[in-house]
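Shown here: input.cif, mmCIF, C-alpha atoms.
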data_input
#
loop_
_atom_site.label_atom_id
_atom_site.label_comp_id
_atom_site.auth_asym_id
_atom_site.auth_seq_id
_atom_site.Cartn_x
_atom_site.Cartn_y
_atom_site.Cartn_z
CA MET A 1 0.00 0.00 0.00
CA SER A 2 1.35 3.40 -0.96
CA LEU A 3 2.02 5.95 1.78
CA ASP A 4 1.57 8.76 -0.73
CA PRO A 5 -1.86 10.36 -0.20
CA LEU A 6 -2.03 11.36 -3.87
CA ALA A 7 -0.77 8.12 -5.41
CA GLY A 8 -4.09 6.25 -5.46
CA VAL A 9 -6.11 9.28 -6.45
CA LEU A 10 -3.84 10.23 -9.35
CA HIS A 11 -3.52 6.63 -10.54
CA ALA A 12 -7.30 6.23 -10.62
CA ALA A 13 -7.76 9.52 -12.47
CA VAL A 14 -5.24 8.53 -15.15
CA HIS A 15 -5.86 4.76 -15.44
CA ARG A 16 -9.50 4.66 -14.31
CA ALA A 17 -8.77 1.70 -12.03
CA ALA A 18 -7.43 1.18 -8.51
CA PRO A 19 -3.64 0.71 -8.26
CA GLY A 20 -2.67 -2.94 -8.58
CA SER A 21 -6.27 -4.15 -8.94
CA GLY A 22 -5.94 -5.50 -12.48
CA ASP A 23 -9.48 -4.35 -13.17
CA ALA A 24 -10.50 -3.08 -16.59
CA PRO A 25 -10.65 0.73 -16.82
CA TRP A 26 -13.98 2.22 -15.83
CA ALA A 27 -15.23 4.92 -18.23
CA PRO A 28 -11.83 5.19 -19.98
CA SER A 29 -13.02 8.13 -22.07
CA GLU A 30 -12.92 10.23 -18.90
CA ALA A 31 -9.26 9.46 -18.15
CA LEU A 32 -7.00 12.46 -17.50
CA THR A 33 -3.37 13.01 -18.43
CA PRO A 34 -0.91 12.96 -15.49
CA ALA A 35 -0.58 16.75 -15.74
CA GLN A 36 -4.36 17.23 -15.70
CA ALA A 37 -4.79 14.88 -12.73
CA LEU A 38 -2.01 16.61 -10.76
CA ALA A 39 -3.43 20.06 -11.51
CA ALA A 40 -6.95 18.95 -10.56
CA HIS A 41 -5.84 17.83 -7.11
CA THR A 42 -3.46 20.72 -6.40
CA TRP A 43 -3.87 24.07 -8.17
CA ALA A 44 -7.53 23.56 -9.16
CA GLY A 45 -8.51 22.71 -5.59
CA ALA A 46 -6.72 25.79 -4.30
CA ALA A 47 -8.38 27.93 -6.99
CA ALA A 48 -11.83 26.59 -6.08
CA ALA A 49 -11.20 27.71 -2.51
CA GLY A 50 -9.90 31.09 -3.65
CA LEU A 51 -6.41 30.29 -2.34
CA GLU A 52 -4.47 29.89 -5.59
CA ARG A 53 -2.19 32.79 -4.63
CA ASP A 54 -0.98 30.88 -1.58
CA LEU A 55 -1.48 27.18 -2.33
CA GLY A 56 -1.64 24.61 -5.10
CA SER A 57 1.75 24.92 -6.83
CA VAL A 58 5.45 25.40 -6.23
CA ALA A 59 6.18 29.10 -6.71
CA ALA A 60 8.02 31.89 -4.95
CA GLY A 61 6.00 33.29 -2.05
CA LYS A 62 3.58 30.37 -1.81
CA LEU A 63 3.21 28.01 1.11
CA ALA A 64 5.23 24.82 0.87
CA ASP A 65 2.52 22.23 1.64
CA PHE A 66 2.67 20.66 -1.81
CA ALA A 67 6.47 20.68 -1.85
CA VAL A 68 6.57 18.85 1.49
CA LEU A 69 4.03 16.36 0.18
CA MET A 70 6.16 15.46 -2.83
CA ALA A 71 9.70 15.92 -1.49
CA TRP A 72 9.92 12.64 0.39
CA GLN A 73 9.57 10.76 -2.91
CA PHE A 74 12.89 12.19 -4.09
CA ALA A 75 14.75 12.23 -0.76
CA PRO A 76 18.10 10.43 -1.21
CA VAL A 77 19.05 7.25 0.60
CA VAL A 78 22.43 8.09 2.17
CA TYR A 79 25.06 5.40 2.72
CA HIS A 80 28.15 6.03 4.86
CA HIS A 81 31.47 4.18 4.90
CA PRO A 82 31.51 1.59 7.75
CA LEU A 83 34.50 3.38 9.33
CA GLU A 84 32.87 6.82 9.24
CA LYS A 85 33.04 8.60 12.62
CA TYR A 86 31.37 11.93 11.80
CA HIS A 87 27.79 11.50 10.66
CA LEU A 88 24.85 13.68 9.67
CA ILE A 89 23.50 16.14 12.22
CA ASP A 90 20.75 18.74 12.42
CA PRO A 91 22.58 22.02 11.67
CA ARG A 92 20.60 23.76 14.40
CA GLU A 93 22.02 21.35 16.98
CA TRP A 94 25.57 22.11 15.81
CA TYR A 95 24.92 25.86 15.79
CA ASN A 96 23.44 25.87 19.31
CA ALA A 97 26.46 23.95 20.62
CA SER A 98 29.02 26.13 18.85
CA GLU A 99 30.68 29.30 20.10
CA LEU A 100 31.36 32.50 18.18
CA TYR A 101 35.00 33.45 17.67
CA LEU A 102 36.67 36.48 16.14
CA GLN A 103 39.85 36.63 14.11
CA ASP A 104 42.25 36.37 17.06
CA LEU A 105 40.85 32.87 17.77
CA ARG A 106 39.30 33.89 21.08
CA PRO A 107 35.65 33.76 22.14
CA THR A 108 33.84 37.06 21.62
CA ASN A 109 33.73 37.80 25.36
CA GLU A 110 37.56 37.54 25.56
CA SER A 111 38.54 38.91 22.18
CA ILE A 112 40.77 41.95 21.95
CA PHE A 113 38.68 42.82 18.92
CA ALA A 114 35.40 42.90 20.84
CA TRP A 115 35.21 46.66 20.30
CA PHE A 116 34.86 45.94 16.56
CA THR A 117 31.23 45.15 17.19
CA ARG A 118 30.56 48.75 18.24
CA SER A 119 29.96 51.66 15.90
CA SER A 120 33.68 52.41 15.81
CA VAL A 121 34.01 49.59 13.29
CA ASP A 122 33.25 52.17 10.62
CA GLU A 123 36.39 54.07 11.57
CA VAL A 124 38.87 51.24 10.97
CA MET A 125 40.19 50.14 7.61
CA PHE A 126 39.39 46.44 7.86
CA GLN A 127 36.54 44.24 9.08
CA PRO A 128 36.98 41.38 11.56
CA ARG A 129 36.39 37.83 10.46
CA SER A 130 34.24 35.67 12.69
CA PHE A 131 33.38 31.99 12.76
CA ARG A 132 31.56 29.50 14.95
CA SER A 133 33.31 26.46 16.36
CA VAL A 134 32.48 23.36 18.35
CA LEU A 135 36.07 22.07 18.34
CA ASN A 136 37.28 25.20 20.16
CA SER A 137 34.24 25.77 22.35
CA THR A 138 34.93 26.61 25.99
CA ARG A 139 31.36 25.82 27.01
CA LEU A 140 31.34 22.10 26.20
CA THR A 141 32.83 19.18 28.06
CA ALA A 142 34.94 16.73 26.06
CA GLU A 143 32.03 14.26 26.08
CA GLN A 144 29.59 16.89 24.80
CA GLN A 145 31.99 17.96 22.09
CA ASP A 146 32.52 14.38 20.92
CA ALA A 147 28.75 13.81 20.80
CA VAL A 148 28.16 16.85 18.59
CA LEU A 149 31.03 15.99 16.26
CA ALA A 150 29.84 12.39 15.93
CA GLY A 151 26.45 13.53 14.62
CA ALA A 152 22.91 12.40 15.31
CA PRO A 153 22.44 8.98 16.93
CA TYR A 154 21.25 5.93 15.00
CA VAL A 155 18.11 3.91 15.73
CA ALA A 156 17.73 0.52 14.03
CA ASN A 157 20.68 1.39 11.79
CA ARG A 158 18.94 4.58 10.62
CA SER A 159 20.18 8.10 11.30
CA THR A 160 17.87 10.34 13.30
CA ALA A 161 19.34 13.50 11.73
CA LYS A 162 17.00 15.95 10.04
CA VAL A 163 17.75 16.79 6.42
CA MET A 164 16.90 20.28 5.17
CA PHE A 165 15.45 20.59 1.68
CA THR A 166 14.25 23.28 -0.70
CA VAL A 167 12.06 23.21 -3.80
CA ASP A 168 12.48 25.89 -6.41
CA GLU A 169 11.51 26.83 -9.93
CA VAL A 170 14.15 26.76 -12.66
CA TYR A 171 15.44 29.95 -14.29
CA SER A 172 17.71 30.33 -17.29
CA ASP A 173 19.32 33.55 -16.03
CA GLY A 174 21.07 34.62 -12.84
CA ALA A 175 18.58 37.43 -12.24
CA ARG A 176 15.75 34.85 -12.03
CA THR A 177 13.57 36.62 -14.58
CA GLN A 178 13.41 33.93 -17.26
CA GLN A 179 11.61 30.93 -15.80
CA VAL A 180 11.94 27.55 -17.51
CA PRO A 181 8.39 26.15 -17.33
CA GLY A 182 7.65 22.60 -16.28
CA LEU A 183 10.74 21.99 -14.14
CA TRP A 184 11.43 21.94 -10.39
CA VAL A 185 14.67 21.56 -8.45
CA PHE A 186 14.56 19.58 -5.21
CA SER A 187 17.74 20.18 -3.18
CA TYR A 188 18.57 18.09 -0.11
CA ASN A 189 21.20 19.60 2.18
CA LEU A 190 23.34 17.21 4.20
CA TYR A 191 25.10 18.71 7.22
CA TYR A 192 28.13 17.42 9.12
CA SER A 193 29.79 18.90 12.22
CA TRP A 194 33.30 18.21 11.00
CA ASN A 195 35.12 16.35 8.24
CA GLY A 196 37.61 14.73 10.58
CA CYS A 197 40.89 13.35 9.29
CA SER A 198 40.10 12.24 5.77
CA ASN A 199 41.79 9.19 4.25
CA GLN A 200 42.27 10.15 0.61
CA ASP A 201 44.36 9.30 -2.43
CA ILE A 202 46.34 11.17 -5.03
CA ALA A 203 46.55 9.28 -8.32
CA ILE A 204 49.24 10.37 -10.80
CA SER A 205 49.40 9.12 -14.36
CA LEU A 206 52.47 9.54 -16.56
CA ASN A 207 52.38 8.07 -20.07
CA GLY A 208 49.87 5.45 -19.06
CA GLU A 209 51.62 4.41 -15.84
CA GLN A 210 49.65 5.20 -12.70
CA GLN A 211 50.91 5.71 -9.16
CA VAL A 212 48.61 6.09 -6.17
CA VAL A 213 49.71 7.72 -2.92
CA GLN A 214 47.55 7.68 0.20
CA TYR A 215 47.53 10.61 2.60
CA ILE A 216 45.69 11.94 5.62
CA VAL A 217 44.14 15.42 5.80
CA CYS A 218 43.02 16.86 9.14
CA PRO A 219 41.34 20.24 8.51
CA ILE A 220 41.10 21.17 12.20
CA GLY A 221 39.32 24.45 12.74
CA VAL A 222 38.89 24.92 9.00
CA HIS A 223 36.22 22.52 7.84
CA GLU A 224 33.65 22.65 10.61
CA GLY A 225 30.02 22.96 9.65
CA ASP A 226 30.21 21.10 6.34
CA TRP A 227 27.25 21.49 3.97
CA GLU A 228 26.98 18.96 1.15
CA ARG A 229 24.05 18.73 -1.21
CA ILE A 230 22.18 16.65 -3.76
CA SER A 231 20.03 18.56 -6.26
CA LEU A 232 17.44 16.85 -8.44
CA LEU A 233 15.82 18.25 -11.58
CA VAL A 234 12.23 16.99 -11.79
CA CYS A 235 9.64 17.29 -14.56
CA ALA A 236 6.54 18.91 -13.07
CA GLU A 237 4.18 17.19 -15.49
CA ASP A 238 4.87 13.56 -14.61
CA LEU A 239 7.29 13.93 -11.65
CA SER A 240 10.01 12.09 -13.57
CA LEU A 241 13.62 12.54 -12.49
CA GLN A 242 15.65 14.29 -15.21
CA GLN A 243 19.05 15.06 -13.67
CA ALA A 244 20.91 14.63 -10.39
CA ALA A 245 23.84 16.75 -9.20
CA TYR A 246 26.11 15.38 -6.45
CA SER A 247 28.22 17.88 -4.52
CA GLN A 248 31.86 16.96 -3.99
CA HIS A 249 33.23 19.97 -2.09
CA GLY A 250 34.09 22.49 -4.80
CA TRP A 251 32.93 20.19 -7.60
CA TRP A 252 29.57 18.98 -8.85
CA GLU A 253 28.99 15.70 -10.66
CA THR A 254 25.84 15.91 -12.78
CA ARG A 255 24.17 12.76 -14.09
CA ASP A 256 21.52 12.34 -16.79
CA CYS A 257 18.78 10.39 -15.04
CA THR A 258 16.94 9.68 -18.30
CA VAL A 259 19.79 7.27 -19.18
CA GLU A 260 19.68 3.83 -17.59
CA GLY A 261 22.16 3.41 -14.74
CA GLN A 262 23.19 7.06 -14.50
CA CYS A 263 21.18 7.80 -11.34
CA PRO A 264 20.82 4.64 -9.22
CA ARG A 265 17.61 4.44 -7.21
CA GLU A 266 16.39 2.16 -4.46
CA GLN A 267 12.89 0.95 -3.70
CA ASN A 268 11.44 2.70 -0.67
CA GLU A 269 11.13 0.17 2.15
CA ASN A 270 7.83 1.69 3.29
CA ASP A 271 6.27 2.28 -0.13
CA PRO A 272 7.20 -0.07 -3.01
CA THR A 273 5.74 2.37 -5.55
CA VAL A 274 8.51 4.90 -4.79
CA ASN A 275 12.18 4.63 -5.84
CA ASN A 276 14.50 7.05 -4.05
CA PRO A 277 17.88 8.22 -5.40
CA VAL A 278 20.97 6.79 -3.69
CA THR A 279 24.18 8.57 -2.68
CA TYR A 280 27.37 7.11 -1.24
CA ILE A 281 29.41 9.31 1.10
CA GLY A 282 33.21 9.49 0.95
CA LEU A 283 34.97 8.43 4.16
CA GLU A 284 35.21 11.59 6.32
CA SER A 285 35.37 13.73 3.18
CA HIS A 286 31.56 13.64 2.95
CA ALA A 287 31.63 14.08 -0.83
CA ASN A 288 28.61 12.53 -2.60
CA TYR A 289 28.93 9.82 -5.24
CA PHE A 290 26.31 8.09 -7.37
CA GLU A 291 28.04 4.73 -6.92
CA SER A 292 30.17 3.02 -4.29
CA SER A 293 33.91 2.62 -4.87
CA PRO A 294 37.19 2.21 -2.95
CA LEU A 295 38.49 5.25 -4.87
CA MET A 296 36.44 8.07 -6.42
CA VAL A 297 38.42 10.90 -8.01
CA TYR A 298 36.59 14.21 -7.68
CA ALA A 299 39.36 16.50 -8.94
CA TRP A 300 41.90 16.06 -11.70
CA LYS A 301 44.56 18.57 -12.65
CA ASN A 302 46.83 18.32 -15.68
CA ALA A 303 50.37 19.32 -14.85
CA SER A 304 52.53 21.92 -16.58
CA LEU A 305 56.12 22.86 -15.89
CA ASN A 306 58.14 26.06 -16.21
CA ASN A 307 55.17 28.42 -15.91
CA GLY A 308 53.13 26.53 -18.45
CA ARG A 309 55.73 26.56 -21.23
CA VAL A 310 56.23 22.81 -20.94
CA GLN A 311 53.21 20.51 -21.21
CA LEU A 312 53.43 16.75 -20.64
CA GLU A 313 50.83 14.41 -22.07
CA ASN A 314 48.96 12.16 -19.62
CA PHE A 315 50.57 13.78 -16.59
CA GLY A 316 48.42 15.02 -13.77
CA GLY A 317 47.06 14.39 -10.33
CA GLY A 318 43.69 13.58 -8.87
CA VAL A 319 42.18 13.85 -5.40
CA GLY A 320 39.57 11.34 -4.33
CA GLY A 321 37.66 9.73 -1.51
CA ARG A 322 36.42 6.23 -0.78
CA SER A 323 32.83 5.19 -0.11
CA HIS A 324 33.47 1.55 0.80
CA ALA A 325 36.36 -0.41 2.30
#
Please lay out the structure from this file as structure tokens.
Amino acid sequence: MSLDPLAGVLHAAVHRAAPGSGDAPWAPSEALTPAQALAAHTWAGAAAAGLERDLGSVAAGKLADFAVLMAWQFAPVVYHHPLEKYHLIDPREWYNASELYLQDLRPTNESIFAWFTRSSVDEVMFQPRSFRSVLNSTRLTAEQQDAVLAGAPYVANRSTAKVMFTVDEVYSDGARTQQVPGLWVFSYNLYYSWNGCSNQDIAISLNGEQQVVQYIVCPIGVHEGDWERISLLVCAEDLSLQQAAYSQHGWWETRDCTVEGQCPREQNENDPTVNNPVTYIGLESHANYFESSPLMVYAWKNASLNNGRVQLENFGGGVGGRSHA
């Protein structure tokens, strides 16, 4: 049985039969297209109640009821490496546990730059930099700090962390004046307290010969509060998945979901009619990958020598993470 309150209604309107019944269509001449059925049960209902300015569709300024209703169908299934120590967390929990610091690496109540927060800031020639930190917090015990960095607890092998998401229209210009009709973007934001010490690889290829060097990166005090994201381009007419973009720090890997195997999906364990996208998380790098691998290269740089005047074929370096042992 589907958990989607619209699934049965829309299926009946389009196919003129109950989902999975095998019955012959009843009054097939009255069948609607998927777009007509969706509009009838969303925008048309809001219009009939005189609420089309606030409800019934995904648009700037409208309430998000419909977006919430549909977003769970596209929410990614997130898999972590078995050795991962720093898991997903509600960003509000991290923020509430963190402490504000200014550029001299002291809490705001001890900072020699505390006077920057007064109006005299306009009289100096530079602005202070500030950041929030759990690793350097003076308010937390070691046990409390470890708990926040570790992320939300697991219940029955499932994370209890809350994932933030947005739904937006698609525009072809940066000023958001040229809307592309018929498309939505569902973005799911994954938050981690800290990246930890990442076990990564550098792969170097020279004339077809490859060398791989492992190294450890510990971005202490630099990579706290790590946002990663998966964005999905969805056709509004039939709710089909068109593209998926996986964030990998400063890089994005975009896949064409209309091509078989490009965007792996997994049957929802609570609703077999829904297939959710899958993402595999790099060990303590928290980069997103569409498939699991012991080495995923998310950056490749071709090498040049002598200020670019000497170029070598097939010479370069890559940086990657691993999503399984």
Fewer than 3 positions away in the same chain doesn't count, so skip those; otherwise give me all residues within 9 Å of region 179-186 of chain A, counting all atoms listed in the file, as a CSV table (one decimal) with C-alpha atoms, in the frame of the given file.
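And here is the file that came out, result-v3.csv:
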chain,number,residue,atom,x,y,z
A,58,VAL,CA,5.4,25.4,-6.2
A,67,ALA,CA,6.5,20.7,-1.8
A,71,ALA,CA,9.7,15.9,-1.5
A,74,PHE,CA,12.9,12.2,-4.1
A,75,ALA,CA,14.8,12.2,-0.8
A,165,PHE,CA,15.4,20.6,1.7
A,166,THR,CA,14.2,23.3,-0.7
A,167,VAL,CA,12.1,23.2,-3.8
A,168,ASP,CA,12.5,25.9,-6.4
A,169,GLU,CA,11.5,26.8,-9.9
A,170,VAL,CA,14.2,26.8,-12.7
A,171,TYR,CA,15.4,30.0,-14.3
A,172,SER,CA,17.7,30.3,-17.3
A,173,ASP,CA,19.3,33.6,-16.0
A,176,ARG,CA,15.8,34.8,-12.0
A,230,ILE,CA,22.2,16.6,-3.8
A,231,SER,CA,20.0,18.6,-6.3
A,232,LEU,CA,17.4,16.8,-8.4
A,233,LEU,CA,15.8,18.2,-11.6
A,234,VAL,CA,12.2,17.0,-11.8
A,235,CYS,CA,9.6,17.3,-14.6
A,236,ALA,CA,6.5,18.9,-13.1
A,237,GLU,CA,4.2,17.2,-15.5
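Reported to one decimal place, the separation of CA of Trp194 (chain A) from CA of Pro91 (chain A) is 11.4 Å.
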Q) CA of Ser137 (chain A) and CA of His223 (chain A) are how many Å apart? A)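 Between CA of Ser137 (chain A) and CA of His223 (chain A) the gap is 15.0 Å.
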Q) In Å, with one decimal, what is the gap from CA of Leu241 (chain A) to CA of Gln262 (chain A)? A) 11.2 Å
Report as lines of an AutoDock Vina configuration file the centre and the edge lengths, in Å to one decimal, of the axis-aligned box holding every listed atom of region 181-185 of chain A, padded by 8 Å on each side.
center_x = 11.2
center_y = 23.9
center_z = -12.9
size_x = 23.0
size_y = 20.6
size_z = 24.9
Q: Between A:Val78, A:Glu269, A:Ser159, A:Ala97, single out the one closest to Arg229 (chain A), counting only C-alpha atoms.
A: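 So, comparing all the options, the nearest one is A:Val78.
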Q) Which residues, written as a list in words, have at least one atom at most 10 Å from region 146-151 of chain A, with all atoms listed in the file counted and residues fewer than 6 positions away on the same chain left out? A) Glu84, Lys85, Tyr86, His87, Leu88, Ile89, Asp90, Pro91, Glu93, Trp94, Tyr95, Ala97, Ser98, Val134, Leu135, Leu140, Ser159, Thr160, Ala161, Tyr191, Tyr192, Ser193, Trp194, Asn195, Gly196, Glu224 and Gly225 of chain A
Q | For Val77 (chain A), the nearest of the candidates A:Val213, A:Arg158, A:Pro272, A:Ala245, counting all atoms listed in the file | A |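 Among A:Val213, A:Arg158, A:Pro272, A:Ala245, it is A:Arg158 that comes nearest to Val77 (chain A).
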Q: Find the residues near Ser292 (chain A): any atom within 10 Å, counting all atoms listed in the file, skip ones fewer than 5 places away on the same chain, and give them as a list in words.
A: Tyr79, His80, His81, Val278, Thr279, Tyr280, Ile281, Gly282, Arg322, Ser323, His324 and Ala325 of chain A
